[in-house]
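A short write-up of the structure that comes next.
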Amino acid sequence: MQIGVIFPQLEIGTDPVAIRDYAQAAEGMGYRHLLAYDHVLGASTEHRPNWRGAYTSASQFHEPFVLFAFLAGQTRTLQFVSGVFILPQRQTALVAKQAASLDVLSGGRLRVGVGIGWNEVEYQALGENFKNRAARLEEQIAVLRALWA
């Protein structure tokens, strides 16, 4: 069985030393992977006083590709898992290139999970259509497979 840890996105802050130490400690304790969540934006509670999401626009989410690239240089065996990239919010070819580059430079330590997301506010802020995200995801997966072939 492979056991991993979840990156404490909302709790860890922005200190690169603390982030490095967390990943190195997880690796040192024998954890196989580190999972990080993907959220580009959060909802502003100023305009949505009844917001019930787990995070807001004030929450700090490290961008997973950047986070994983940083940690790949700070660790040797720890794998990196997206939980999950909200693919319909991203440009497919750019995701393919970022993921392939990170996987190569980390020695094959990236595992990519993708999904459609639940937060309509993020889609609105990014100028993306929330209603057709499942169909777009299917198309994007086909394009990713073709680009990675």
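By convention here, the chains of the structure tokens are called A, B, ... in the order presented, each chain's residues are numbered starting at 1, and ligands are numbered starting at 1 in the order presented.
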Can you list, as an MDAnalysis selection string, all residues belonging to chain A that DSSP tags as helix (DSSP H, G or I)?
chainID A and resid 9:12 16:28 64:72 87:89 92:105 120:125 133:148
Residues near range 29-44 of chain A, anyone? I mean within 9 Å using only C-alpha atoms, not counting same-chain ones fewer than 4 positions away, as number ranges by chain.
A: 2-9, 23-25, 48-49, 51, 53, 55-59, 61-64, 67-68, 77-86, 89, 109, 117, 119, 121-123, 125-126
Report as a Markdown table: every residue of range 6-106 of chain A with an atom at most 8 Å from range 144-149 of chain A, its closest pair of atoms, and their distance in Å to one decimal, counting only C-alpha atoms, with rows sorted by chain and ascending residue number.
```
| residue | atom | partner | partner_atom | distance |
| --- | --- | --- | --- | --- |
| A:Thr92 | CA | A:Leu144 | CA | 6.8 |
| A:Ala93 | CA | A:Leu144 | CA | 7.3 |
| A:Ala96 | CA | A:Leu144 | CA | 5.8 |
| A:Ala100 | CA | A:Trp148 | CA | 7.5 |
```
Which of chain A DSSP labels strand (DSSP E), written as an NGL selection string:
:A and (5-6 or 33-36 or 79-82 or 85-86 or 110-111 or 114-115)
Limited to C-alpha atoms, could you put the picked residues into a file as a compact mmCIF listing (two decimals), in the first residue's frame?
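This went into part-v8.txt:
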```txt
# COMPACT_ATOMS: atom_id res chain seq x y z
CA VAL A 5 -0.02 13.23 2.67
CA ILE A 6 -2.20 16.16 1.71
CA HIS A 33 3.20 11.12 -2.40
CA LEU A 34 2.04 14.62 -1.65
CA LEU A 35 -1.39 15.68 -2.90
CA ALA A 36 -2.26 19.33 -3.56
CA GLN A 79 5.61 11.79 -5.89
CA PHE A 80 3.30 14.70 -6.66
CA VAL A 81 -0.43 14.20 -7.13
CA SER A 82 -2.98 16.74 -8.29
CA PHE A 85 -6.59 19.93 -11.78
CA ILE A 86 -9.80 21.66 -12.77
CA LEU A 110 3.97 13.43 -11.30
CA ARG A 111 0.51 11.87 -11.24
CA VAL A 114 -8.37 16.00 -13.57
CA GLY A 115 -11.95 17.00 -12.87
```
